[in-house]
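Asks: Below is the structure I would like to discuss, written out as structure tokens.
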Amino acid sequence: MSLGLNQKIYVAGHRGMVGSAIVRQLKNQGYQNIITQTHGELELTNQSAVASFLAAEKPDQIYMAAARVGGIYANNTYPAQFIYENLMVEANIVHHAFENGIKKILFLGSSCIYPKLVPQPMAEEALLTGKLELTNEPYAIAKIAGIKLCESYNRQYGQSHGLDYRSVMPTNLYGPGDNYHPENSHVIPALIRRFHEAKNNSNPEVEIWGSGEPRREFLYVEDMARASIFVMNLDVDKYNSCTEPMQSHLNVGVGEDITIGELAKIVAEVVGYTGTIVFDKSKPDGPPRKLMNSNRLNVLGWRPTTKLEAGMALAYSDFKKNASQ
Ligand SMILES: NC(=O)c1ccc[n+]([C@@H]2O[C@H](COP(=O)([O-])OP(=O)(O)OC[C@H]3O[C@@H](n4cnc5c(N)ncnc54)[C@H](OP(=O)(O)O)[C@@H]3O)[C@@H](O)[C@H]2O)c1
């Protein structure tokens with residue numbers, strides 16, 4: 001067994017969709033020493049609690065998949081909590097990792113860090129080139145701060161203390177552990193729920209907001225977890241060859257997008273809904289296209305392996321399992 005598999009790894013946010021996938025993938029890959037804390041056991045906004053935990057455990061690596069996450073409604077309704085909690089979680093973990101000699105962190109951000117009117121596909125260098133989407137600006141600012149925290153600690157203490165704090169920016173994710181809340185879920189879980197209910201109730205049609213024409217990108221969460229482990233363990237010279245000290249984050253996407261209309265057809269097929277899909281064009285569409293440029297990660301040797309149809313079938317199985325519990 002290689003020494004690497006014995007490293008002590010703390011996955012923050014292990015009960016969330018991404019954190020739980022990272023734990024599954026780490027276990028699949030043979031990592032033996034994974035530590036976790038529920039939100040109830042460790043409040044990550046509490047500086048002294050984080051300081052004590054990291055001082056006691058001193059993990060070798062930290063995956064930062066804990067965050068206050070939500071859709072447009074939650075972001076608009078609770079902007080103070082979105083900025084405060086995310087800033088505190090990041091600052092506490094990064095600073096006390098440094099204080100305790102923890103050299104490796106992978107911070108998870110989001111594609112919402114990029115300006116609203118950015119050229120598509122969105123490349124890493126688009127960061128801080130324009131105004132953010134207003135609905136989730138506080139959240140995006142906190143995520144940008146997370147990247148800059150990692151970079152600043154690397155710049156000030158990287159050489160002297162051997163720090164290597166990295167960041168990945170995932171596109172839209174879906175898969176097991178997703179949030180299927182009727183009013184506050186992302187597009188794929190919302191469509192899964194609506195087609196499932198329409199099938200069970202024999203509804204002749206399902207109405208979808210907007211024209212169905214906007215294009216979006218979707219990555220299966222297990223692929224995201226594999227990408228996270230890949231980036232965390234990438235040789236430092238390779239990582240540095242594709243990043244800059246003040247532009248150190250890497251996009252994680254599939255490299256292709258589909259229209260919401262095409263997506264709806266795939267979900268309907270996977271769910272087995274045979275009624276009609278109707279588009280309500282009076283409702284807003286949002287930006288016409290949102291696609292990440294993931295060339296840097298591709299050049300480094302990582303590509304996703306899960307096709308949308310296959311990932312959707314796995315997501316639907318997970319939905320049905322939860323619904324029956
Ligand atoms: N889902 C996506 O489509 C997507 C896309 C791009 C990026 N990401 C990024 O991926 C990361 C994880 O997202 P996710 O979808 O897995 O979110 P999630 O399912 O909501 O999981 C987040 C986890 O963090 C925990 N947490 C939140 N605040 C905490 C605190 N103050 N102290 C301790 N634990 C706390 C939550 O616990 P409780 O539930 O108990 O609060 C939850 O287990 C986030 O940084 C997000 O920005 C997600």
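Following the order of the structure tokens, first chain is A, next is B, and so on, with residues numbered from 1 inside each chain and ligands from 1 in the order they appear.
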Would you kindly return, as a list in words, each protein, DNA or RNA residue with an atom no farther than 6 Å from any atom of A:Ile62, considering only C-alpha atoms and excluding same-chain residues fewer than 2 positions away?

Replies: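 Result of the neighbour search: Ile9, Tyr10, Val11 and Ile105 of chain A.
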
Asks: Which residues sit within 9 Å of ligand 1, counting only C-alpha atoms and all ligand atoms, listed as a ChimeraX atom specification?

Replies: /A:12-21,37-46,64-70,85-86,88-89,107-112,139-140,143,168-174,177-179,186,218-219,221

Asks: Measuring between only C-alpha atoms, which one of A:Val278, A:Val271, A:Val252, A:Ile72 shows the shortest distance to A:Val231?

Replies: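 For A:Val231, the nearest of the given residues is A:Val252.
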
Asks: Go through A:Trp209, A:Tyr73, A:Phe230, A:Phe319 and flag the residue nearest A:Lys281, using only C-alpha atoms for the distances.

Replies: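 Closest candidate: A:Trp209.
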
Asks: As a list in words, which residues of stretch 23-122 of chain A does DSSP assign to strand (DSSP E)?

Replies: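 Result set for stretch 23-122 of chain A (strand (DSSP E)): Asn33, Ile34, Ile35, Gln61, Ile62, Tyr63, Met64, Lys104, Ile105, Leu106, Phe107 and Leu108 of chain A.
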